[in-house]
$ cat model.cif   # mmCIF, C-alpha atoms
data_start
loop_
_atom_site.label_atom_id
_atom_site.label_comp_id
_atom_site.auth_asym_id
_atom_site.auth_seq_id
_atom_site.Cartn_x
_atom_site.Cartn_y
_atom_site.Cartn_z
CA MET A 2 10.46 -25.94 18.18
CA GLU A 3 11.43 -22.70 16.51
CA SER A 4 11.87 -22.91 12.74
CA GLU A 5 14.98 -21.84 10.86
CA ALA A 6 15.36 -18.07 10.67
CA VAL A 7 14.44 -16.23 7.49
CA ASP A 8 17.38 -14.90 5.46
CA VAL A 9 16.02 -11.39 5.01
CA GLU A 10 18.86 -10.02 2.92
CA ARG A 11 18.59 -12.87 0.44
CA LEU A 12 14.81 -12.44 0.23
CA ARG A 13 15.03 -8.68 -0.23
CA ALA A 14 16.98 -9.26 -3.44
CA ASP A 15 13.86 -10.94 -4.86
CA PHE A 16 11.88 -7.67 -4.64
CA PRO A 17 13.03 -5.11 -7.23
CA ILE A 18 11.27 -2.15 -5.61
CA LEU A 19 13.21 -2.57 -2.37
CA SER A 20 16.37 -1.37 -4.12
CA ARG A 21 14.70 1.97 -4.78
CA ARG A 22 15.71 5.10 -2.93
CA VAL A 23 13.12 7.63 -1.74
CA HIS A 24 14.24 11.23 -1.14
CA GLY A 25 17.78 9.89 -1.46
CA LYS A 26 17.27 7.40 1.38
CA ARG A 27 16.98 3.61 1.45
CA LEU A 28 13.33 2.59 1.09
CA VAL A 29 11.96 1.25 4.35
CA TYR A 30 8.58 -0.17 3.42
CA LEU A 31 6.36 -0.61 6.48
CA ASP A 32 2.90 -0.39 4.90
CA ASN A 33 2.33 -4.08 4.26
CA ALA A 34 -1.14 -4.18 5.81
CA ALA A 35 -2.23 -1.88 2.96
CA THR A 36 -0.43 -3.85 0.23
CA THR A 37 2.74 -5.88 -0.06
CA GLN A 38 5.56 -5.59 -2.56
CA LYS A 39 5.93 -8.18 -5.32
CA PRO A 40 8.83 -10.59 -5.92
CA GLN A 41 10.34 -10.79 -9.37
CA VAL A 42 8.80 -14.22 -9.98
CA VAL A 43 5.31 -12.73 -9.67
CA ILE A 44 6.17 -9.83 -11.97
CA ASP A 45 7.70 -12.27 -14.48
CA SER A 46 4.56 -14.40 -14.48
CA LEU A 47 2.48 -11.40 -15.58
CA VAL A 48 4.91 -10.50 -18.35
CA ARG A 49 5.11 -14.14 -19.46
CA PHE A 50 1.32 -14.40 -19.75
CA TYR A 51 0.97 -11.29 -21.87
CA THR A 52 3.99 -12.04 -24.07
CA SER A 53 3.68 -15.81 -24.47
CA TYR A 54 0.13 -17.15 -24.13
CA ASN A 55 -2.32 -14.27 -23.70
CA SER A 56 -5.76 -15.69 -24.39
CA ASN A 57 -9.17 -15.99 -22.81
CA VAL A 58 -9.91 -19.04 -20.66
CA HIS A 59 -12.56 -21.80 -20.80
CA ARG A 60 -13.42 -20.94 -24.41
CA SER A 61 -10.98 -21.60 -27.21
CA VAL A 62 -9.40 -24.93 -28.11
CA HIS A 63 -6.34 -23.36 -29.72
CA THR A 64 -2.93 -23.64 -28.06
CA LEU A 65 -2.94 -20.24 -26.37
CA GLY A 66 -6.42 -20.79 -24.96
CA GLU A 67 -5.50 -24.21 -23.62
CA GLU A 68 -2.31 -22.88 -22.00
CA ALA A 69 -4.08 -19.91 -20.42
CA THR A 70 -6.87 -22.12 -19.04
CA ALA A 71 -4.36 -24.60 -17.61
CA ALA A 72 -2.39 -21.82 -15.90
CA TYR A 73 -5.54 -20.16 -14.53
CA GLU A 74 -6.97 -23.37 -13.13
CA GLY A 75 -3.52 -24.39 -11.91
CA SER A 76 -3.42 -21.20 -9.88
CA ARG A 77 -6.84 -21.95 -8.43
CA LYS A 78 -5.55 -25.35 -7.28
CA LYS A 79 -2.38 -23.86 -5.76
CA THR A 80 -4.31 -21.13 -3.95
CA ALA A 81 -6.90 -23.56 -2.64
CA GLU A 82 -4.25 -25.96 -1.34
CA PHE A 83 -2.50 -23.02 0.32
CA VAL A 84 -5.53 -22.52 2.58
CA GLY A 85 -6.39 -26.20 2.93
CA VAL A 86 -9.40 -26.58 0.64
CA GLN A 87 -10.30 -28.10 -2.73
CA ALA A 88 -10.18 -26.04 -5.91
CA ARG A 89 -13.94 -26.41 -6.46
CA ASP A 90 -14.54 -24.51 -3.20
CA LEU A 91 -12.58 -21.40 -4.25
CA VAL A 92 -14.06 -18.56 -6.28
CA PHE A 93 -11.69 -16.00 -7.75
CA VAL A 94 -12.78 -12.42 -6.99
CA ARG A 95 -11.09 -9.01 -7.00
CA GLY A 96 -10.31 -9.22 -3.29
CA THR A 97 -11.78 -9.44 0.18
CA THR A 98 -14.18 -6.56 -0.43
CA GLU A 99 -15.71 -8.17 -3.50
CA ALA A 100 -15.86 -11.53 -1.72
CA THR A 101 -17.83 -9.97 1.13
CA ASN A 102 -20.19 -8.26 -1.28
CA LEU A 103 -20.65 -11.52 -3.16
CA VAL A 104 -21.83 -13.14 0.06
CA LYS A 105 -24.03 -10.14 0.83
CA PHE A 106 -25.80 -10.22 -2.54
CA ALA A 107 -25.76 -13.93 -3.40
CA TRP A 108 -26.43 -15.34 0.08
CA GLY A 109 -27.55 -12.49 2.30
CA GLU A 110 -30.32 -11.07 0.15
CA LYS A 111 -32.08 -14.45 0.13
CA ASN A 112 -31.32 -15.65 3.66
CA VAL A 113 -31.32 -12.59 5.94
CA LYS A 114 -34.89 -11.56 6.67
CA LYS A 115 -36.70 -8.84 8.60
CA GLY A 116 -35.94 -9.11 12.30
CA ASP A 117 -32.81 -11.23 11.82
CA LEU A 118 -29.60 -10.34 13.63
CA ILE A 119 -26.24 -9.82 11.91
CA LEU A 120 -23.32 -9.92 14.32
CA ALA A 121 -19.95 -8.26 13.61
CA THR A 122 -17.15 -6.95 15.86
CA THR A 123 -15.94 -3.47 16.73
CA MET A 124 -12.56 -4.19 15.12
CA GLU A 125 -13.91 -4.84 11.61
CA HIS A 126 -12.64 -3.17 8.45
CA HIS A 127 -15.26 -1.06 6.67
CA SER A 128 -15.50 -3.73 3.95
CA ASN A 129 -16.93 -6.06 6.59
CA ILE A 130 -19.30 -3.44 8.02
CA VAL A 131 -20.81 -1.38 5.20
CA PRO A 132 -22.22 -4.33 3.17
CA TRP A 133 -24.03 -5.57 6.27
CA GLN A 134 -25.32 -2.11 7.09
CA GLN A 135 -26.80 -1.98 3.61
CA LEU A 136 -28.26 -5.47 3.87
CA ALA A 137 -29.79 -4.73 7.28
CA LYS A 138 -31.33 -1.51 5.95
CA ARG A 139 -32.70 -3.23 2.85
CA ASN A 140 -34.08 -6.35 4.53
CA GLY A 141 -35.07 -5.01 7.93
CA ALA A 142 -32.41 -6.88 9.88
CA THR A 143 -30.42 -5.60 12.86
CA LEU A 144 -26.64 -5.21 12.96
CA LYS A 145 -24.88 -5.45 16.33
CA TYR A 146 -21.21 -5.47 17.35
CA VAL A 147 -19.21 -7.63 19.74
CA GLY A 148 -17.26 -5.40 22.14
CA LEU A 149 -13.55 -5.40 22.93
CA ASN A 150 -11.45 -5.72 26.07
CA PRO A 151 -9.19 -2.79 27.05
CA ASP A 152 -6.17 -4.53 25.45
CA GLY A 153 -7.93 -4.77 22.09
CA THR A 154 -8.86 -8.44 22.27
CA LEU A 155 -12.39 -9.63 21.66
CA ASP A 156 -14.74 -9.61 24.65
CA LEU A 157 -15.89 -13.23 24.78
CA GLY A 158 -18.51 -12.38 27.39
CA SER A 159 -20.07 -9.89 25.00
CA TYR A 160 -19.91 -12.46 22.21
CA GLU A 161 -21.59 -15.18 24.28
CA THR A 162 -24.35 -12.79 25.32
CA LEU A 163 -25.07 -11.71 21.75
CA LEU A 164 -25.07 -15.31 20.51
CA LYS A 165 -28.04 -15.95 22.79
CA ASP A 166 -30.06 -13.76 20.41
CA ALA A 167 -29.56 -16.41 17.67
CA PRO A 168 -27.85 -14.32 14.95
CA ARG A 169 -28.45 -15.33 11.32
CA LEU A 170 -24.92 -14.30 10.34
CA VAL A 171 -21.72 -13.86 12.33
CA THR A 172 -19.01 -12.03 10.40
CA LEU A 173 -15.62 -11.33 11.92
CA THR A 174 -12.01 -10.63 11.11
CA HIS A 175 -9.34 -13.25 11.62
CA CYS A 176 -6.81 -10.52 12.33
CA SER A 177 -7.38 -6.80 12.93
CA ASN A 178 -5.69 -4.50 10.42
CA VAL A 179 -5.32 -1.87 13.17
CA LEU A 180 -4.74 -3.65 16.47
CA GLY A 181 -3.07 -6.73 15.03
CA THR A 182 -5.32 -8.82 17.29
CA ILE A 183 -5.53 -12.44 16.11
CA ASN A 184 -8.95 -13.86 16.88
CA ASP A 185 -9.43 -17.54 17.65
CA VAL A 186 -11.78 -17.88 14.69
CA ALA A 187 -12.07 -21.68 14.98
CA LYS A 188 -13.49 -21.29 18.48
CA LEU A 189 -15.64 -18.30 17.53
CA CYS A 190 -17.07 -20.05 14.45
CA SER A 191 -17.82 -23.18 16.48
CA MET A 192 -19.70 -21.08 19.04
CA ALA A 193 -21.61 -19.33 16.24
CA LYS A 194 -22.48 -22.64 14.59
CA ASN A 195 -23.85 -23.94 17.89
CA ALA A 196 -26.05 -20.82 17.99
CA GLY A 197 -27.37 -21.62 14.51
CA ALA A 198 -25.48 -18.86 12.67
CA THR A 199 -23.79 -18.83 9.28
CA THR A 200 -20.22 -17.50 9.51
CA LEU A 201 -17.94 -15.37 7.37
CA VAL A 202 -14.28 -14.73 8.22
CA ASP A 203 -12.25 -11.84 6.80
CA GLY A 204 -8.81 -13.32 6.24
CA ALA A 205 -7.20 -10.35 4.49
CA GLN A 206 -4.63 -9.88 7.28
CA SER A 207 -4.19 -13.55 8.25
CA VAL A 208 -3.61 -15.60 5.09
CA PRO A 209 -0.57 -13.47 4.08
CA HIS A 210 1.15 -13.78 7.45
CA MET A 211 0.50 -17.15 9.10
CA PRO A 212 -0.52 -20.72 8.31
CA VAL A 213 -4.27 -20.85 7.66
CA ASP A 214 -6.36 -23.99 7.21
CA VAL A 215 -9.88 -22.89 6.34
CA ARG A 216 -11.31 -26.34 7.01
CA ALA A 217 -9.89 -26.21 10.54
CA VAL A 218 -11.36 -22.72 10.98
CA GLY A 219 -14.77 -24.17 10.20
CA SER A 220 -16.31 -21.02 8.73
CA ASP A 221 -18.99 -21.15 6.04
CA PHE A 222 -17.27 -18.37 4.08
CA TYR A 223 -13.64 -17.22 4.19
CA ALA A 224 -12.26 -14.30 2.16
CA PHE A 225 -8.77 -12.99 1.39
CA SER A 226 -6.87 -10.72 -1.01
CA GLY A 227 -3.90 -11.51 -3.25
CA HIS A 228 -2.18 -8.13 -3.12
CA LYS A 229 -1.59 -8.43 0.63
CA MET A 230 0.22 -11.77 0.16
CA LEU A 231 2.90 -10.69 -2.38
CA GLY A 232 0.50 -11.18 -5.31
CA PRO A 233 -0.95 -8.74 -7.84
CA THR A 234 -3.76 -6.29 -7.15
CA GLY A 235 -7.29 -6.99 -8.30
CA ILE A 236 -7.33 -10.67 -7.38
CA GLY A 237 -8.45 -12.58 -4.31
CA ALA A 238 -10.63 -15.46 -3.27
CA LEU A 239 -13.81 -16.47 -1.55
CA VAL A 240 -13.72 -19.96 -0.07
CA ALA A 241 -17.12 -21.45 0.75
CA ARG A 242 -18.87 -24.71 1.41
CA LYS A 243 -19.83 -26.29 -1.90
CA ASP A 244 -23.44 -26.81 -0.85
CA LEU A 245 -23.77 -23.11 0.00
CA LEU A 246 -22.31 -22.07 -3.35
CA GLU A 247 -24.71 -24.38 -5.15
CA GLU A 248 -27.72 -22.94 -3.28
CA MET A 249 -26.71 -19.31 -3.86
CA ASP A 250 -27.86 -17.21 -6.79
CA PRO A 251 -25.18 -15.75 -9.10
CA PHE A 252 -23.52 -12.50 -8.03
CA GLN A 253 -23.19 -11.30 -11.64
CA THR A 254 -24.70 -12.68 -14.81
CA GLY A 255 -23.42 -12.87 -18.37
CA GLY A 256 -20.93 -15.00 -20.23
CA GLU A 257 -19.34 -18.19 -18.92
CA MET A 258 -21.37 -18.35 -15.71
CA ILE A 259 -24.19 -20.00 -17.64
CA ARG A 260 -24.87 -23.56 -18.77
CA GLU A 261 -27.69 -22.86 -21.24
CA VAL A 262 -29.49 -19.68 -22.28
CA PHE A 263 -32.99 -19.74 -23.79
CA ASP A 264 -35.18 -16.83 -24.86
CA GLU A 265 -36.82 -16.51 -21.47
CA ARG A 266 -34.62 -18.37 -18.99
CA SER A 267 -31.09 -19.52 -18.28
CA THR A 268 -29.39 -22.23 -16.24
CA TRP A 269 -26.14 -21.80 -14.34
CA ASN A 270 -22.69 -23.29 -14.71
CA ASP A 271 -21.15 -25.50 -12.02
CA VAL A 272 -19.50 -23.86 -9.03
CA PRO A 273 -17.16 -22.06 -8.78
CA TYR A 274 -17.66 -20.90 -12.38
CA LYS A 275 -21.22 -19.78 -11.62
CA PHE A 276 -19.66 -16.83 -9.75
CA GLU A 277 -17.00 -15.90 -12.32
CA ALA A 278 -18.97 -14.07 -15.00
CA GLY A 279 -17.36 -12.69 -18.12
CA THR A 280 -13.65 -12.49 -18.80
CA VAL A 281 -11.96 -13.12 -15.49
CA ASN A 282 -8.75 -11.55 -14.19
CA ILE A 283 -6.56 -14.20 -15.81
CA ALA A 284 -3.11 -12.66 -15.54
CA ASP A 285 -3.41 -11.63 -11.91
CA ALA A 286 -4.90 -15.00 -10.91
CA ILE A 287 -1.82 -16.63 -12.44
CA GLY A 288 0.35 -14.13 -10.57
CA LEU A 289 -1.37 -15.05 -7.32
CA GLY A 290 -0.47 -18.67 -7.95
CA GLU A 291 3.18 -17.67 -8.26
CA ALA A 292 2.97 -15.70 -5.02
CA VAL A 293 1.59 -18.80 -3.30
CA VAL A 294 4.48 -20.88 -4.61
CA TYR A 295 6.93 -18.24 -3.36
CA LEU A 296 5.38 -18.11 0.12
CA ARG A 297 5.29 -21.90 0.36
CA SER A 298 8.97 -22.04 -0.53
CA ILE A 299 9.66 -19.92 2.56
CA GLY A 300 7.09 -21.66 4.75
CA MET A 301 4.25 -19.81 6.43
CA GLY A 302 5.43 -21.00 9.84
CA ARG A 303 8.73 -19.25 9.20
CA VAL A 304 6.92 -16.13 7.97
CA ARG A 305 4.92 -16.05 11.19
CA ASP A 306 7.99 -16.67 13.39
CA HIS A 307 9.88 -13.88 11.63
CA GLU A 308 7.07 -11.39 12.08
CA MET A 309 6.70 -12.27 15.77
CA LYS A 310 10.40 -11.55 16.29
CA LEU A 311 10.07 -8.21 14.49
CA LEU A 312 6.96 -7.40 16.50
CA ASP A 313 8.60 -8.25 19.80
CA TYR A 314 11.61 -6.07 18.92
CA ALA A 315 9.42 -3.21 17.69
CA ILE A 316 7.25 -3.15 20.81
CA LYS A 317 10.28 -3.14 23.11
CA GLU A 318 12.13 -0.43 21.16
CA LEU A 319 9.22 1.87 20.36
CA THR A 320 7.42 1.78 23.71
CA ALA A 321 10.67 3.01 25.26
CA VAL A 322 10.27 6.29 23.34
CA LYS A 323 8.72 9.01 25.48
CA GLY A 324 5.24 9.89 24.26
CA PHE A 325 4.76 6.66 22.26
CA LYS A 326 1.27 5.14 22.68
CA LEU A 327 0.74 1.59 21.42
CA TYR A 328 -2.71 0.19 20.62
CA GLY A 329 -3.63 -3.48 20.80
CA PRO A 330 -2.30 -6.49 22.72
CA GLU A 331 1.38 -6.57 23.67
CA ASN A 332 1.49 -10.38 23.63
CA VAL A 333 3.02 -11.16 20.22
CA ARG A 334 1.44 -14.64 20.18
CA VAL A 335 -2.02 -13.11 19.80
CA ARG A 336 -0.92 -10.25 17.59
CA ALA A 337 0.12 -10.07 13.95
CA GLY A 338 2.94 -7.87 12.62
CA VAL A 339 1.03 -4.59 12.90
CA VAL A 340 2.01 -1.71 15.17
CA SER A 341 -0.61 1.03 15.43
CA PHE A 342 0.37 3.97 17.59
CA ASN A 343 0.24 7.66 18.29
CA TYR A 344 3.23 9.79 19.23
CA ALA A 345 2.69 12.57 21.76
CA ASP A 346 0.55 15.27 20.11
CA VAL A 347 2.05 14.82 16.63
CA HIS A 348 -0.73 14.22 14.12
CA PRO A 349 -0.31 10.88 12.31
CA HIS A 350 -0.31 12.60 8.91
CA ASP A 351 2.50 14.93 10.04
CA LEU A 352 4.48 12.00 11.38
CA ALA A 353 3.99 10.02 8.16
CA THR A 354 5.18 13.00 6.12
CA ILE A 355 8.35 13.39 8.20
CA LEU A 356 9.03 9.65 7.99
CA ASP A 357 8.54 9.73 4.22
CA GLU A 358 11.33 12.29 3.99
CA GLU A 359 13.52 9.64 5.62
CA GLY A 360 12.47 7.04 3.05
CA ILE A 361 10.11 5.30 5.50
CA ALA A 362 6.62 4.34 4.30
CA ILE A 363 3.93 3.88 6.96
CA ARG A 364 0.16 4.36 6.97
CA SER A 365 -1.64 7.17 8.76
CA GLY A 366 -5.37 7.73 9.16
CA HIS A 367 -8.39 5.72 10.29
CA HIS A 368 -7.35 2.60 8.33
CA CYS A 369 -10.92 2.00 7.10
CA ALA A 370 -11.91 1.24 10.69
CA GLN A 371 -13.70 4.32 11.98
CA PRO A 372 -15.89 2.49 14.54
CA LEU A 373 -12.67 1.12 16.04
CA MET A 374 -11.11 4.60 16.03
CA ARG A 375 -14.08 5.86 18.03
CA TRP A 376 -13.65 2.98 20.48
CA LEU A 377 -9.99 3.98 20.85
CA ASP A 378 -11.14 7.60 21.25
CA VAL A 379 -8.78 8.86 18.55
CA ALA A 380 -9.31 10.37 15.11
CA ALA A 381 -6.44 8.45 13.56
CA THR A 382 -3.30 6.45 14.27
CA SER A 383 0.03 5.79 12.63
CA ARG A 384 0.59 2.20 11.55
CA ALA A 385 3.75 0.27 10.73
CA SER A 386 3.18 -3.23 9.37
CA PHE A 387 5.67 -5.95 8.48
CA HIS A 388 6.23 -8.78 6.07
CA VAL A 389 8.96 -11.30 5.45
CA TYR A 390 11.37 -8.84 3.80
CA ASN A 391 11.44 -6.45 6.78
CA SER A 392 14.30 -6.44 9.27
CA TYR A 393 15.37 -5.09 12.65
CA ASP A 394 17.17 -2.33 10.70
CA ASP A 395 13.79 -1.17 9.39
CA ILE A 396 12.49 -0.87 12.93
CA ASP A 397 15.61 1.01 14.00
CA ALA A 398 15.04 3.42 11.09
CA LEU A 399 11.42 3.88 12.17
CA LYS A 400 12.48 4.65 15.72
CA ALA A 401 15.07 7.15 14.51
CA GLY A 402 12.46 8.82 12.31
CA ILE A 403 10.03 9.10 15.21
CA LEU A 404 12.73 10.67 17.36
CA LYS A 405 13.50 13.12 14.55
CA ALA A 406 9.84 14.12 14.50
CA GLY A 407 10.05 14.55 18.27
CA GLY A 408 12.90 16.96 17.79
CA ILE A 409 10.98 18.96 15.21
CA PHE A 410 7.92 19.20 17.45
CA LYS A 411 10.03 19.62 20.60
CA ILE A 412 8.59 16.54 22.32
#
$ encode --input "model.cif" --output "structure tokens"
Amino acid sequence: MESEAVDVERLRADFPILSRRVHGKRLVYLDNAATTQKPQVVIDSLVRFYTSYNSNVHRSVHTLGEEATAAYEGSRKKTAEFVGVQARDLVFVRGTTEATNLVKFAWGEKNVKKGDLILATTMEHHSNIVPWQQLAKRNGATLKYVGLNPDGTLDLGSYETLLKDAPRLVTLTHCSNVLGTINDVAKLCSMAKNAGATTLVDGAQSVPHMPVDVRAVGSDFYAFSGHKMLGPTGIGALVARKDLLEEMDPFQTGGEMIREVFDERSTWNDVPYKFEAGTVNIADAIGLGEAVVYLRSIGMGRVRDHEMKLLDYAIKELTAVKGFKLYGPENVRVRAGVVSFNYADVHPHDLATILDEEGIAIRSGHHCAQPLMRWLDVAATSRASFHVYNSYDDIDALKAGILKAGGIFKI
């Protein structure tokens, strides 16, 4: 049963930046896969922290310290519940990139040996490729990639074949930031587990846009970023099995991640604090908690339904434009709210510049996915990406801007 429609106009009023005009035009923000805009409640939470109870956490017993610690740990609990896990299983990090590197250093350096296989996919973001390239080079492992079908979905035959080589680690994206492809990560992680592999899922493009239950996914590690889910920059989370976190060595060492320090040795704090050295990003963690509350008030099912409607409308309208080339699956049920495309022989950077003059913000370039660009046989694409505050009017404006570019380049 379809959920109640999102009231876009009412929601847009919650985002101060959306009232801005760019080059005299209404701002049409379609770069949500890069970062999302922030509702006033998130902005207010940052101001409130710095003006009312700014203090370090887990240290002082004075009022400000107690209030800051309660808010920080309260945000951990909210964020953990949002993805279906316990607070003890969630480590605050700067974002998905740092989470992946944490796993690479704290788990990978000890557990991936010479001759081991690391398995990724062709659709991965660079942040889920480069750390594993470095680990493979350092430890003598091999990195291989699962291929794709012509429509941009994962080639399960390729995956099954590579799993026969007993990979030590399988790392894959829940949702492609270029193709929008939503991978059945629960099935893929189950297959990897049966092959004896440890699994990591990049949830940067999934947690902000659809209901996610990490326990149901069944991955050993799951990473996501706050700034892509209406929260502040510089904050995100790594969710992991408690036993894995306890076995892993610290990612960074210093204050607060210790239990006792002696002249020649130290012992570590309980998880997750073992992985949160020094003064943590208190304000932005609190802001992420507010973003979670905001998203839950809408309902992630409704967010997903809204984006599918936008996606369906966008695909129908834009593919009708002569010279428009869409990348990725056309079935909106296996695709998130991302539309990557090229338009005739107009370079994506030129198109993005023309659209900017119309107040329309999109992304152009390789989207930190150069292996995927090579698979697509293009240097770059244009990308429009949606969130809950986008509307059909935004898509109409995008189409009009593309047609204007067509006029300029005589398409």
$ residues_near_point --input "model.cif" --point "(2.0, -14.8, -3.4)" --cutoff "7 Å" --atoms "only C-alpha atoms" --output "PyMOL selection string"
chain A and resi 227+230-232+289-296
$ resolve_selection --input "model.cif" --expression "the PyMOL selection byres ((chain A and resi 57) around 9)" --output "ChimeraX atom specification"
/A:55-56,58-61,65-66,69-70,280-281,283
$ atom_distance --input "model.cif" --atom1 "atom CA of A:Val147" --atom2 "atom CA of A:Gly237"
26.8 Å
$ residues_near_point --input "model.cif" --point "(-1.6, 7.5, 8.5)" --cutoff "10 Å" --atoms "all atoms listed in the file" --output "number ranges by chain"
A: 32, 341-343, 348-354, 362-368, 381-385
$ closest_atom_pairs --input "model.cif" --of "stretch 173-284 of chain A" --to "stretch 91-111 of chain A" --cutoff "10 Å" --atoms "all atoms listed in the file" --output "JSON lines"
{"residue": "A:Leu201", "atom": "CA", "partner": "A:Thr101", "partner_atom": "CA", "distance": 8.3}
{"residue": "A:Val202", "atom": "CA", "partner": "A:Thr101", "partner_atom": "CA", "distance": 9.2}
{"residue": "A:Asp203", "atom": "CA", "partner": "A:Thr97", "partner_atom": "CA", "distance": 7.1}
{"residue": "A:Gly204", "atom": "CA", "partner": "A:Thr97", "partner_atom": "CA", "distance": 7.8}
{"residue": "A:Ala205", "atom": "CA", "partner": "A:Thr97", "partner_atom": "CA", "distance": 6.4}
{"residue": "A:Phe222", "atom": "CA", "partner": "A:Val104", "partner_atom": "CA", "distance": 8.0}
{"residue": "A:Tyr223", "atom": "CA", "partner": "A:Ala100", "partner_atom": "CA", "distance": 8.5}
{"residue": "A:Ala224", "atom": "CA", "partner": "A:Thr97", "partner_atom": "CA", "distance": 5.3}
{"residue": "A:Phe225", "atom": "CA", "partner": "A:Thr97", "partner_atom": "CA", "distance": 4.8}
{"residue": "A:Ser226", "atom": "CA", "partner": "A:Gly96", "partner_atom": "CA", "distance": 4.4}
{"residue": "A:Gly227", "atom": "CA", "partner": "A:Gly96", "partner_atom": "CA", "distance": 6.8}
{"residue": "A:His228", "atom": "CA", "partner": "A:Gly96", "partner_atom": "CA", "distance": 8.2}
{"residue": "A:Lys229", "atom": "CA", "partner": "A:Gly96", "partner_atom": "CA", "distance": 9.6}
{"residue": "A:Thr234", "atom": "CA", "partner": "A:Arg95", "partner_atom": "CA", "distance": 7.8}
{"residue": "A:Gly235", "atom": "CA", "partner": "A:Arg95", "partner_atom": "CA", "distance": 4.5}
{"residue": "A:Ile236", "atom": "CA", "partner": "A:Arg95", "partner_atom": "CA", "distance": 4.1}
{"residue": "A:Gly237", "atom": "CA", "partner": "A:Gly96", "partner_atom": "CA", "distance": 4.0}
{"residue": "A:Ala238", "atom": "CA", "partner": "A:Phe93", "partner_atom": "CA", "distance": 4.6}
{"residue": "A:Leu239", "atom": "CA", "partner": "A:Val92", "partner_atom": "CA", "distance": 5.2}
{"residue": "A:Val240", "atom": "CA", "partner": "A:Leu91", "partner_atom": "CA", "distance": 4.6}
{"residue": "A:Ala241", "atom": "CA", "partner": "A:Leu91", "partner_atom": "CA", "distance": 6.8}
{"residue": "A:Arg242", "atom": "CA", "partner": "A:Leu91", "partner_atom": "CA", "distance": 9.1}
{"residue": "A:Lys243", "atom": "CA", "partner": "A:Leu91", "partner_atom": "CA", "distance": 9.1}
{"residue": "A:Leu245", "atom": "CA", "partner": "A:Trp108", "partner_atom": "CA", "distance": 8.2}
{"residue": "A:Leu246", "atom": "CA", "partner": "A:Trp108", "partner_atom": "CA", "distance": 8.6}
{"residue": "A:Glu248", "atom": "CA", "partner": "A:Trp108", "partner_atom": "CA", "distance": 8.4}
{"residue": "A:Met249", "atom": "CA", "partner": "A:Ala107", "partner_atom": "CA", "distance": 5.5}
{"residue": "A:Asp250", "atom": "CA", "partner": "A:Ala107", "partner_atom": "CA", "distance": 5.2}
{"residue": "A:Pro251", "atom": "CA", "partner": "A:Ala107", "partner_atom": "CA", "distance": 6.0}
{"residue": "A:Phe252", "atom": "CA", "partner": "A:Ala107", "partner_atom": "CA", "distance": 5.3}
{"residue": "A:Gln253", "atom": "CA", "partner": "A:Leu103", "partner_atom": "CA", "distance": 8.9}
{"residue": "A:Val272", "atom": "CA", "partner": "A:Val92", "partner_atom": "CA", "distance": 8.1}
{"residue": "A:Pro273", "atom": "CA", "partner": "A:Val92", "partner_atom": "CA", "distance": 5.3}
{"residue": "A:Tyr274", "atom": "CA", "partner": "A:Val92", "partner_atom": "CA", "distance": 7.5}
{"residue": "A:Lys275", "atom": "CA", "partner": "A:Val92", "partner_atom": "CA", "distance": 9.0}
{"residue": "A:Phe276", "atom": "CA", "partner": "A:Val92", "partner_atom": "CA", "distance": 6.8}
{"residue": "A:Glu277", "atom": "CA", "partner": "A:Phe93", "partner_atom": "CA", "distance": 7.0}
{"residue": "A:Val281", "atom": "CA", "partner": "A:Phe93", "partner_atom": "CA", "distance": 8.3}
{"residue": "A:Asn282", "atom": "CA", "partner": "A:Arg95", "partner_atom": "CA", "distance": 8.0}
{"residue": "A:Ile283", "atom": "CA", "partner": "A:Phe93", "partner_atom": "CA", "distance": 9.7}
$ residues_around --input "model.cif" --residues "A:Asn150" --least-positions-apart "6" --cutoff "12 Å" --atoms "all atoms listed in the file" --output "JSON, numbers by chain"
{"A": [122, 123, 124, 156, 157, 158, 159, 160, 180, 182, 328, 329, 330, 376, 377]}
$ residues_around --input "model.cif" --residues "A:Lys310" --least-positions-apart "2" --cutoff "10 Å" --atoms "all atoms listed in the file" --output "tab-separated table (two decimals) with C-alpha atoms, in the frame of the given file"
chain	number	residue	atom	x	y	z
A	6	ALA	CA	15.36	-18.07	10.67
A	305	ARG	CA	4.92	-16.05	11.19
A	306	ASP	CA	7.99	-16.67	13.39
A	307	HIS	CA	9.88	-13.88	11.63
A	308	GLU	CA	7.07	-11.39	12.08
A	312	LEU	CA	6.96	-7.40	16.50
A	313	ASP	CA	8.60	-8.25	19.80
A	314	TYR	CA	11.61	-6.07	18.92
A	315	ALA	CA	9.42	-3.21	17.69
A	333	VAL	CA	3.02	-11.16	20.22
A	338	GLY	CA	2.94	-7.87	12.62
A	392	SER	CA	14.30	-6.44	9.27
A	393	TYR	CA	15.37	-5.09	12.65
$ residues_around --input "model.cif" --residues "stretch 193-199 of chain A" --least-positions-apart "2" --cutoff "10 Å" --atoms "all atoms listed in the file" --output "PyMOL selection string"
chain A and resi 112+118-120+160-161+163-172+187-191+201+219-222
$ atom_distance --input "model.cif" --atom1 "atom CA of A:Gly116" --atom2 "atom CA of A:Ala137"
9.1 Å
$ closest_residue --input "model.cif" --among "A:Val379, A:Ile18, A:Met211, A:Val339" --to "A:Val304" --atoms "all atoms listed in the file"
A:Met211
